[in-house]
file data19.tsv (TSV, C-alpha atoms and all ligand atoms)
chain	number	residue	atom	x	y	z
F	1	MET	CA	112.01	-24.21	-155.11
F	2	ILE	CA	115.64	-25.28	-155.35
F	3	ILE	CA	116.71	-28.00	-157.79
F	4	SER	CA	120.36	-28.94	-157.91
F	5	ILE	CA	122.09	-30.87	-160.65
F	6	ALA	CA	125.00	-33.01	-159.52
F	7	SER	CA	127.03	-35.96	-160.66
F	8	GLY	CA	129.43	-38.30	-158.89
F	9	LYS	CA	132.04	-37.68	-161.56
F	10	GLY	CA	132.98	-35.05	-164.13
F	11	GLY	CA	132.22	-35.31	-167.84
F	12	THR	CA	128.70	-36.75	-167.55
F	13	GLY	CA	126.98	-33.74	-169.13
F	14	LYS	CA	125.79	-32.19	-165.84
F	15	THR	CA	126.12	-28.58	-166.99
F	16	THR	CA	124.44	-29.36	-170.31
F	17	ILE	CA	121.47	-30.83	-168.42
F	18	ALA	CA	121.36	-27.89	-165.96
F	19	THR	CA	121.33	-25.31	-168.75
F	20	ILE	CA	118.75	-27.22	-170.85
F	21	LEU	CA	116.49	-27.36	-167.80
F	22	ALA	CA	116.93	-23.63	-167.12
F	23	LEU	CA	116.18	-22.70	-170.73
F	24	SER	CA	113.18	-25.04	-170.98
F	25	ILE	CA	111.25	-23.58	-168.05
F	26	ASP	CA	109.08	-20.63	-169.00
F	27	ASN	CA	108.97	-19.04	-165.57
F	28	SER	CA	111.81	-16.77	-164.55
F	29	VAL	CA	114.65	-18.89	-163.28
F	30	GLN	CA	117.60	-18.10	-161.07
F	31	PHE	CA	120.65	-20.08	-162.19
F	32	LEU	CA	123.53	-20.57	-159.77
F	33	ASP	CA	126.75	-22.06	-161.08
F	34	CYS	CA	128.39	-23.39	-157.91
F	35	ASP	CA	131.10	-25.27	-159.80
F	36	VAL	CA	133.38	-22.42	-158.76
F	37	GLU	CA	136.64	-24.18	-159.67
F	38	GLU	CA	135.55	-24.56	-163.26
F	39	PRO	CA	132.38	-22.58	-163.94
F	40	ASN	CA	131.24	-23.02	-167.53
F	41	ALA	CA	127.45	-22.58	-167.55
F	42	HIS	CA	128.00	-18.97	-168.69
F	43	ILE	CA	129.35	-20.30	-172.00
F	44	PHE	CA	125.85	-21.63	-172.81
F	45	LEU	CA	123.65	-19.10	-171.02
F	46	LYS	CA	125.71	-16.08	-172.15
F	47	PRO	CA	124.64	-13.74	-169.34
F	48	GLU	CA	125.42	-10.06	-169.35
F	49	ILE	CA	127.39	-9.65	-166.10
F	50	LYS	CA	126.29	-6.50	-164.31
F	51	GLN	CA	127.80	-6.87	-160.84
F	52	SER	CA	130.93	-8.40	-159.40
F	53	LYS	CA	131.88	-8.89	-155.76
F	54	ALA	CA	135.24	-10.04	-154.40
F	55	ILE	CA	134.95	-12.70	-151.68
F	56	SER	CA	137.49	-13.02	-148.89
F	57	ILE	CA	138.01	-15.19	-145.84
F	58	PRO	CA	139.72	-14.06	-142.61
F	59	VAL	CA	143.13	-15.69	-142.12
F	60	PRO	CA	145.40	-15.34	-139.07
F	61	LYS	CA	148.25	-12.86	-138.79
F	62	ILE	CA	150.68	-13.46	-135.92
F	63	ASP	CA	152.19	-10.68	-133.82
F	64	HIS	CA	155.46	-12.35	-132.84
F	65	SER	CA	156.18	-9.65	-130.25
F	66	LYS	CA	153.19	-10.91	-128.22
F	67	CYS	CA	153.49	-14.64	-128.96
F	68	ASN	CA	155.06	-16.98	-126.37
F	69	PHE	CA	155.05	-19.99	-128.76
F	70	CYS	CA	152.75	-22.01	-126.50
F	71	GLY	CA	151.43	-24.02	-129.48
F	72	ARG	CA	147.72	-23.61	-128.61
F	73	CYS	CA	146.79	-22.20	-132.04
F	74	ALA	CA	148.30	-25.16	-133.90
F	75	GLU	CA	146.48	-27.55	-131.54
F	76	VAL	CA	143.07	-26.00	-132.18
F	77	CYS	CA	143.43	-25.72	-135.94
F	78	ALA	CA	141.73	-28.75	-137.46
F	79	TYR	CA	143.17	-27.97	-140.88
F	80	ASN	CA	146.91	-27.85	-140.10
F	81	ALA	CA	147.06	-24.25	-141.25
F	82	LEU	CA	149.47	-23.28	-138.45
F	83	ALA	CA	152.77	-24.72	-137.23
F	84	VAL	CA	154.50	-23.43	-134.10
F	85	LEU	CA	158.30	-23.64	-134.07
F	86	LYS	CA	160.69	-22.69	-131.26
F	87	ASP	CA	160.69	-19.01	-132.14
F	88	LYS	CA	158.25	-18.65	-135.01
F	89	VAL	CA	154.65	-19.40	-135.95
F	90	LEU	CA	154.20	-20.45	-139.56
F	91	THR	CA	150.84	-19.85	-141.24
F	92	PHE	CA	149.55	-21.64	-144.34
F	93	PRO	CA	146.73	-19.41	-145.59
F	94	HIS	CA	145.74	-21.84	-148.38
F	95	LEU	CA	144.78	-24.43	-145.77
F	96	CYS	CA	142.93	-21.96	-143.53
F	97	HIS	CA	139.11	-22.25	-143.49
F	98	GLY	CA	138.72	-18.86	-141.80
F	99	CYS	CA	136.97	-20.34	-138.75
F	100	GLY	CA	138.53	-17.85	-136.33
F	101	GLY	CA	139.29	-20.53	-133.71
F	102	CYS	CA	142.99	-19.73	-133.37
F	103	SER	CA	142.54	-16.00	-132.75
F	104	LEU	CA	139.74	-16.69	-130.29
F	105	LEU	CA	141.81	-19.13	-128.25
F	106	CYS	CA	145.25	-17.50	-128.35
F	107	PRO	CA	146.04	-16.75	-124.68
F	108	GLN	CA	148.41	-13.89	-125.62
F	109	ARG	CA	145.99	-12.20	-128.05
F	110	ALA	CA	148.80	-12.42	-130.57
F	111	ILE	CA	146.57	-13.31	-133.52
F	112	THR	CA	144.60	-10.84	-135.59
F	113	GLU	CA	142.66	-11.64	-138.74
F	114	VAL	CA	143.36	-10.26	-142.19
F	115	ASN	CA	141.21	-10.77	-145.25
F	116	LYS	CA	142.44	-13.00	-148.05
F	117	GLU	CA	140.60	-12.80	-151.35
F	118	ILE	CA	139.65	-16.26	-152.65
F	119	GLY	CA	137.53	-15.40	-155.66
F	120	VAL	CA	134.66	-13.44	-157.06
F	121	VAL	CA	130.88	-13.72	-157.36
F	122	GLU	CA	129.43	-12.37	-160.62
F	123	ILE	CA	125.78	-11.57	-161.18
F	124	GLY	CA	124.02	-10.93	-164.46
F	125	ASN	CA	121.04	-11.69	-166.65
F	126	SER	CA	120.33	-13.73	-169.72
F	127	ALA	CA	116.83	-12.81	-171.01
F	128	ASN	CA	114.52	-13.37	-168.01
F	129	LEU	CA	117.00	-15.67	-166.26
F	130	GLN	CA	119.07	-14.33	-163.39
F	131	PHE	CA	122.57	-15.75	-163.47
F	132	ILE	CA	125.04	-15.98	-160.58
F	133	HIS	CA	128.33	-17.79	-160.51
F	134	GLY	CA	131.50	-17.92	-158.46
F	135	ARG	CA	135.02	-17.97	-159.85
F	136	LEU	CA	137.70	-19.27	-157.52
F	137	ASN	CA	141.11	-17.62	-157.86
F	138	ILE	CA	143.74	-19.75	-159.61
F	139	GLY	CA	145.68	-21.84	-157.08
F	140	GLU	CA	143.00	-21.35	-154.41
F	141	VAL	CA	141.51	-24.52	-152.91
F	142	MET	CA	138.99	-23.16	-150.43
F	143	SER	CA	135.83	-23.31	-152.52
F	144	PRO	CA	133.08	-23.81	-149.84
F	145	PRO	CA	133.16	-20.15	-148.61
F	146	LEU	CA	132.80	-18.97	-152.22
F	147	ILE	CA	129.95	-21.42	-152.83
F	148	ARG	CA	128.24	-20.08	-149.69
F	149	ALA	CA	128.68	-16.55	-151.06
F	150	VAL	CA	127.02	-17.57	-154.36
F	151	LYS	CA	124.14	-19.19	-152.46
F	152	GLU	CA	123.51	-16.03	-150.43
F	153	TYR	CA	121.86	-14.69	-153.59
F	154	ILE	CA	119.19	-17.41	-153.63
F	155	ASN	CA	115.77	-15.92	-154.09
F	156	PRO	CA	113.30	-18.49	-152.73
F	157	THR	CA	110.41	-16.96	-154.67
F	158	ARG	CA	112.02	-18.06	-157.96
F	159	ILE	CA	112.82	-21.46	-159.41
F	160	VAL	CA	116.44	-21.88	-158.45
F	161	ILE	CA	118.66	-24.21	-160.46
F	162	ILE	CA	122.06	-25.03	-158.98
F	163	ASP	CA	124.82	-26.50	-161.10
F	164	ALA	CA	126.93	-28.29	-158.47
F	165	PRO	CA	130.58	-29.29	-158.84
F	166	PRO	CA	131.28	-32.92	-159.80
F	167	GLY	CA	132.20	-35.52	-157.17
F	168	THR	CA	130.98	-36.15	-153.64
F	169	SER	CA	133.28	-34.01	-151.48
F	170	CYS	CA	132.70	-30.85	-149.38
F	171	PRO	CA	132.07	-28.42	-152.30
F	172	VAL	CA	129.30	-30.70	-153.59
F	173	ILE	CA	127.67	-30.97	-150.18
F	174	GLU	CA	127.92	-27.19	-149.73
F	175	SER	CA	126.26	-26.69	-153.14
F	176	ILE	CA	123.37	-29.13	-152.82
F	177	LYS	CA	122.41	-28.78	-149.16
F	178	GLY	CA	119.11	-26.99	-148.78
F	179	SER	CA	117.88	-28.23	-152.19
F	180	ASN	CA	114.33	-29.53	-152.52
F	181	PHE	CA	115.40	-32.00	-155.18
F	182	CYS	CA	118.62	-33.15	-156.81
F	183	ILE	CA	119.04	-34.50	-160.32
F	184	LEU	CA	121.96	-36.92	-160.49
F	185	VAL	CA	123.45	-37.18	-163.95
F	186	THR	CA	125.32	-40.34	-164.81
F	187	GLU	CA	126.29	-42.53	-167.73
F	188	PRO	CA	125.84	-46.29	-168.11
F	189	THR	CA	129.44	-47.35	-167.51
F	190	PRO	CA	131.16	-49.06	-164.55
F	191	PHE	CA	132.68	-45.68	-163.52
F	192	GLY	CA	129.30	-44.00	-163.88
F	193	LEU	CA	127.65	-46.61	-161.67
F	194	ASN	CA	130.39	-46.50	-159.04
F	195	ASP	CA	130.20	-42.70	-158.74
F	196	LEU	CA	126.39	-42.75	-158.82
F	197	ILE	CA	126.37	-45.10	-155.81
F	198	LEU	CA	128.64	-42.67	-153.92
F	199	ALA	CA	126.45	-39.68	-154.83
F	200	VAL	CA	123.29	-41.56	-153.77
F	201	GLY	CA	124.94	-42.21	-150.39
F	202	VAL	CA	125.54	-38.46	-149.93
F	203	LEU	CA	121.95	-37.53	-150.87
F	204	GLU	CA	120.49	-40.11	-148.54
F	205	LYS	CA	122.60	-38.76	-145.68
F	206	LEU	CA	121.40	-35.23	-146.48
F	207	HIS	CA	117.76	-36.40	-146.80
F	208	ILE	CA	117.37	-34.74	-150.20
F	209	SER	CA	115.02	-36.47	-152.63
F	210	TYR	CA	116.55	-37.20	-156.00
F	211	GLY	CA	116.22	-38.85	-159.39
F	212	VAL	CA	118.64	-39.92	-162.09
F	213	ILE	CA	119.25	-38.89	-165.69
F	214	VAL	CA	121.17	-41.48	-167.68
F	215	ASN	CA	123.10	-39.53	-170.28
F	216	ARG	CA	124.56	-41.17	-173.39
F	217	SER	CA	122.26	-44.02	-172.35
F	218	ASP	CA	123.04	-46.21	-175.36
F	219	ILE	CA	126.83	-46.39	-175.01
F	220	GLY	CA	127.25	-48.79	-172.09
F	221	ASP	CA	125.42	-51.53	-170.22
F	222	ASP	CA	122.19	-51.74	-168.21
F	223	LYS	CA	123.77	-51.87	-164.73
F	224	VAL	CA	122.81	-48.29	-163.85
F	225	ASP	CA	119.17	-49.01	-164.76
F	226	LEU	CA	119.19	-52.25	-162.77
F	227	TYR	CA	120.74	-50.50	-159.75
F	228	CYS	CA	118.07	-47.76	-159.88
F	229	GLN	CA	115.29	-50.36	-160.19
F	230	ARG	CA	116.67	-52.30	-157.23
F	231	LYS	CA	116.95	-49.16	-155.08
F	232	ASN	CA	113.63	-47.78	-156.29
F	233	ILE	CA	115.33	-44.63	-157.61
F	234	PRO	CA	113.31	-42.81	-160.26
F	235	ILE	CA	115.02	-42.55	-163.63
F	236	LEU	CA	113.89	-39.16	-164.86
F	237	MET	CA	115.16	-39.47	-168.40
F	238	HIS	CA	117.41	-41.44	-170.74
F	239	ILE	CA	119.32	-39.30	-173.21
F	240	PRO	CA	120.94	-41.33	-176.00
F	241	PHE	CA	124.31	-40.32	-177.42
F	242	ASP	CA	123.84	-37.75	-180.16
F	243	LYS	CA	126.75	-36.43	-182.21
F	244	GLU	CA	124.82	-33.23	-182.90
F	245	ILE	CA	124.53	-32.51	-179.13
F	246	ALA	CA	128.29	-33.07	-178.76
F	247	LEU	CA	128.95	-30.62	-181.62
F	248	LEU	CA	126.61	-27.97	-180.18
F	249	TYR	CA	128.30	-28.41	-176.77
F	250	SER	CA	131.75	-27.95	-178.27
F	251	ARG	CA	130.56	-24.70	-179.89
F	252	GLY	CA	128.92	-23.39	-176.69
F	253	ILE	CA	125.47	-23.42	-178.31
F	254	PRO	CA	122.57	-24.26	-175.97
F	255	ILE	CA	121.13	-27.60	-177.12
F	256	VAL	CA	117.51	-26.39	-176.94
F	257	LYS	CA	118.22	-23.67	-179.50
F	258	GLU	CA	118.72	-26.33	-182.20
F	259	LYS	CA	116.95	-29.38	-180.81
F	260	LYS	CA	113.56	-28.06	-179.76
F	261	GLU	CA	112.24	-31.55	-178.89
F	262	TYR	CA	114.26	-31.35	-175.66
F	263	ILE	CA	112.18	-28.41	-174.42
F	264	ASP	CA	109.08	-30.63	-174.09
F	265	LYS	CA	111.03	-33.47	-172.52
F	266	PHE	CA	112.58	-31.18	-169.92
F	267	GLN	CA	109.31	-29.36	-169.24
F	268	ASP	CA	107.67	-32.72	-168.62
F	269	MET	CA	110.50	-33.77	-166.31
F	270	PHE	CA	110.26	-30.46	-164.45
F	271	SER	CA	106.52	-30.95	-163.82
F	272	ARG	CA	107.20	-34.44	-162.45
F	273	ILE	CA	109.90	-33.04	-160.13
F	274	LYS	CA	107.61	-30.19	-159.08
F	275	LYS	CA	104.85	-32.65	-158.18
F	276	LYS	CA	107.33	-34.66	-156.15
F	277	ILE	CA	108.51	-31.55	-154.29
F	278	LEU	CA	104.98	-30.31	-153.69
F	279	LYS	CA	103.89	-33.90	-152.91
F	280	ILE	CA	101.11	-33.83	-155.51
F	281	SER	CA	100.15	-37.34	-156.68
W	1	LIG	S1	148.36	-19.51	-129.45
W	1	LIG	FE1	149.06	-17.40	-129.58
W	1	LIG	S2	150.75	-17.30	-128.18
W	1	LIG	FE2	150.41	-19.46	-128.54
W	1	LIG	S3	151.76	-19.97	-130.24
W	1	LIG	FE3	149.82	-19.41	-131.13
W	1	LIG	S4	150.02	-17.24	-131.61
W	1	LIG	FE4	151.62	-17.74	-130.16
W	2	LIG	S1	141.18	-19.47	-138.67
W	2	LIG	FE1	140.62	-21.62	-138.20
W	2	LIG	S2	141.32	-22.74	-140.01
W	2	LIG	FE2	142.34	-20.76	-140.08
W	2	LIG	S3	144.29	-21.09	-139.10
W	2	LIG	FE3	142.87	-20.37	-137.50
W	2	LIG	S4	142.04	-22.24	-136.60
W	2	LIG	FE4	142.99	-22.83	-138.53

call {"tool": "encode", "arguments": {"input": "data19.tsv", "output": "structure tokens"}}
result
Amino acid sequence: MIISIASGKGGTGKTTIATILALSIDNSVQFLDCDVEEPNAHIFLKPEIKQSKAISIPVPKIDHSKCNFCGRCAEVCAYNALAVLKDKVLTFPHLCHGCGGCSLLCPQRAITEVNKEIGVVEIGNSANLQFIHGRLNIGEVMSPPLIRAVKEYINPTRIVIIDAPPGTSCPVIESIKGSNFCILVTEPTPFGLNDLILAVGVLEKLHISYGVIVNRSDIGDDKVDLYCQRKNIPILMHIPFDKEIALLYSRGIPIVKEKKEYIDKFQDMFSRIKKKILKIS
């Protein structure tokens, strides 16, 4: 069972919710932090990292002694990672998605592939929770291959919780696709509503069932609630603003360690999600 936690924008408390959920479920959980550009779930879960694996993608290397500067490689590259000049082929490895198209289609066989490291996957444990996250190298922009590498560790026999990156772009889609359910975390502000609408659009396209948590539910207006009512979107929980939660967050202390009442609330939410996934009425 795979449950992802996403949010149309950053700063909504997505990671807090993901870690509370993981720590509230008794069964052994596998936690995947797919927010590889800024992974921070480890701050709260404090795993002991036992294994680390460098992740690379293949990028083109041009043999100019074979190249006739026909321009085919630049034509086939959908990501503008190659430019063919009169007597030189320029490569832009940071734009390359490692698809292999250019080397496959080069008529002169002038392109070979070399590995470029983009980041690392780290695996560890925190009590009975298995923890896996990716860390993208500084300056690197190609997060989807690293997210795929993190997701290769998914064990379908466990309850898998995925902390997705914020937003609605490719890394988010890569993180949440294949999930049985997605929890969208938002806040009751105009920005929160706008980004929630975008995230809902993505989930509907991916045919993933979802529900909403309204975090800091008492700080804004009721437009998020009204939107969810209109669209028949289940609101899984309202979490009012709580200074104590903010303080615990700033100290990297898991909320459920100090505020035990959240364990019951999250366990109850998990059983409702489980019933939805297993289609139990
Ligand atoms: S496709 Fe091959 S031969 Fe043509 S410009 Fe690119 S590297 Fe050179
Ligand atoms: S491997 Fe794919 S993305 Fe990279 S340069 Fe070649 S065609 Fe472009």

call {"tool": "axis_aligned_box", "arguments": {"input": "data19.tsv", "around": "ligand LIG 1 (chain W)", "padding_each_side": "5 Å", "output": "AutoDock Vina command-line options"}}
result
--center_x 150.1 --center_y -18.6 --center_z -129.9 --size_x 13.4 --size_y 12.7 --size_z 13.4

call {"tool": "closest_atom_pairs", "arguments": {"input": "data19.tsv", "of": "chain F", "to": "ligand LIG 1 (chain W)", "cutoff": "6 Å", "atoms": "all atoms listed in the file", "output": "Markdown table"}}
result
| residue | atom | partner | partner_atom | distance |
| --- | --- | --- | --- | --- |
| F:Ile62 | CA | W:LIG1 | S4 | 5.8 |
| F:Cys67 | CA | W:LIG1 | FE4 | 3.8 |
| F:Asn68 | CA | W:LIG1 | S2 | 4.7 |
| F:Phe69 | CA | W:LIG1 | S3 | 3.6 |
| F:Cys70 | CA | W:LIG1 | FE2 | 4.0 |
| F:Gly71 | CA | W:LIG1 | S3 | 4.1 |
| F:Arg72 | CA | W:LIG1 | S1 | 4.2 |
| F:Cys73 | CA | W:LIG1 | S1 | 4.1 |
| F:Val84 | CA | W:LIG1 | S3 | 5.9 |
| F:Cys106 | CA | W:LIG1 | S1 | 3.9 |
| F:Pro107 | CA | W:LIG1 | FE1 | 5.8 |
| F:Gln108 | CA | W:LIG1 | S2 | 4.9 |
| F:Ala110 | CA | W:LIG1 | S4 | 5.1 |
| F:Ile111 | CA | W:LIG1 | S4 | 5.6 |

call {"tool": "residues_near_ligand", "arguments": {"input": "data19.tsv", "ligand": "ligand LIG 2 (chain W)", "cutoff": "6 Å", "atoms": "all atoms listed in the file", "output": "list in words"}}
result
Val59, Pro60, Val76, Cys77, Tyr79, Ala81, Leu82, Cys96, His97, Gly98, Cys99, Gly100, Gly101 and Cys102 of chain F

call {"tool": "closest_residue", "arguments": {"input": "data19.tsv", "among": "F:Pro190, F:Gly8, F:Pro171, F:Pro39", "to": "Val121 in chain F", "atoms": "only C-alpha atoms"}}
result
F:Pro39

call {"tool": "closest_residue", "arguments": {"input": "data19.tsv", "among": "F:Met1, F:Leu45, F:Leu203, F:Leu21", "to": "Tyr262 in chain F", "atoms": "only C-alpha atoms"}}
result
F:Leu21

call {"tool": "residues_around", "arguments": {"input": "data19.tsv", "residues": "Ile5 in chain F", "least_positions_apart": "2", "cutoff": "8 Å", "atoms": "all atoms listed in the file", "output": "number ranges by chain"}}
result
F: 3, 7, 14-15, 17-18, 161-164, 182-185

call {"tool": "decode", "arguments": {"input": "data19.tsv", "residues": "range 91-102 of chain F", "atoms": "all heavy atoms", "output": "compact mmCIF listing (two decimals), in the first residue's frame"}}
result
# COMPACT_ATOMS: atom_id res chain seq x y z
N THR F 91 28.06 20.03 -25.57
CA THR F 91 27.12 19.26 -24.75
C THR F 91 26.84 20.03 -23.45
O THR F 91 27.72 20.70 -22.92
CB THR F 91 27.68 17.86 -24.39
OG1 THR F 91 28.89 18.04 -23.68
CG2 THR F 91 27.93 17.01 -25.63
N PHE F 92 25.60 19.92 -23.00
CA PHE F 92 25.20 20.59 -21.75
C PHE F 92 24.66 19.51 -20.80
O PHE F 92 23.44 19.25 -20.74
CB PHE F 92 24.13 21.66 -22.04
CG PHE F 92 24.57 22.66 -23.08
CD1 PHE F 92 24.13 22.55 -24.39
CD2 PHE F 92 25.45 23.68 -22.75
CE1 PHE F 92 24.55 23.46 -25.35
CE2 PHE F 92 25.87 24.59 -23.71
CZ PHE F 92 25.42 24.48 -25.02
N PRO F 93 25.58 18.84 -20.11
CA PRO F 93 25.18 17.67 -19.29
C PRO F 93 24.09 17.95 -18.28
O PRO F 93 23.29 17.07 -17.96
CB PRO F 93 26.48 17.27 -18.59
CG PRO F 93 27.57 17.88 -19.40
CD PRO F 93 27.01 19.12 -20.02
N HIS F 94 23.98 19.21 -17.79
CA HIS F 94 22.95 19.49 -16.78
C HIS F 94 21.54 19.46 -17.37
O HIS F 94 20.56 19.34 -16.64
CB HIS F 94 23.21 20.84 -16.10
CG HIS F 94 24.24 20.73 -15.03
ND1 HIS F 94 25.58 20.88 -15.29
CD2 HIS F 94 24.12 20.41 -13.73
CE1 HIS F 94 26.24 20.69 -14.17
NE2 HIS F 94 25.38 20.39 -13.21
N LEU F 95 21.46 19.60 -18.71
CA LEU F 95 20.13 19.55 -19.33
C LEU F 95 19.79 18.14 -19.80
O LEU F 95 18.66 17.84 -20.16
CB LEU F 95 20.08 20.50 -20.54
CG LEU F 95 20.31 21.98 -20.25
CD1 LEU F 95 20.27 22.79 -21.54
CD2 LEU F 95 19.25 22.49 -19.29
N CYS F 96 20.80 17.26 -19.85
CA CYS F 96 20.62 15.91 -20.41
C CYS F 96 19.77 15.04 -19.47
O CYS F 96 19.98 15.02 -18.26
CB CYS F 96 21.99 15.28 -20.62
SG CYS F 96 21.89 13.57 -21.15
N HIS F 97 18.78 14.34 -20.05
CA HIS F 97 17.93 13.43 -19.26
C HIS F 97 18.42 11.99 -19.35
O HIS F 97 17.75 11.07 -18.88
CB HIS F 97 16.48 13.50 -19.76
CG HIS F 97 15.73 14.70 -19.27
ND1 HIS F 97 16.20 15.98 -19.46
CD2 HIS F 97 14.57 14.83 -18.59
CE1 HIS F 97 15.33 16.83 -18.92
NE2 HIS F 97 14.34 16.15 -18.38
N GLY F 98 19.54 11.78 -20.05
CA GLY F 98 20.11 10.43 -20.14
C GLY F 98 19.24 9.46 -20.92
O GLY F 98 19.25 8.26 -20.65
N CYS F 99 18.51 9.96 -21.92
CA CYS F 99 17.58 9.08 -22.66
C CYS F 99 18.31 8.18 -23.67
O CYS F 99 17.76 7.18 -24.11
CB CYS F 99 16.52 9.91 -23.38
SG CYS F 99 17.15 10.80 -24.81
N GLY F 100 19.51 8.57 -24.07
CA GLY F 100 20.28 7.74 -25.00
C GLY F 100 19.92 7.93 -26.46
O GLY F 100 20.52 7.30 -27.34
N GLY F 101 18.96 8.83 -26.75
CA GLY F 101 18.50 9.02 -28.13
C GLY F 101 19.60 9.48 -29.07
O GLY F 101 19.70 8.99 -30.21
N CYS F 102 20.43 10.41 -28.62
CA CYS F 102 21.46 10.96 -29.52
C CYS F 102 22.47 9.90 -29.92
O CYS F 102 22.82 9.79 -31.12
CB CYS F 102 22.14 12.16 -28.88
SG CYS F 102 22.80 11.83 -27.24
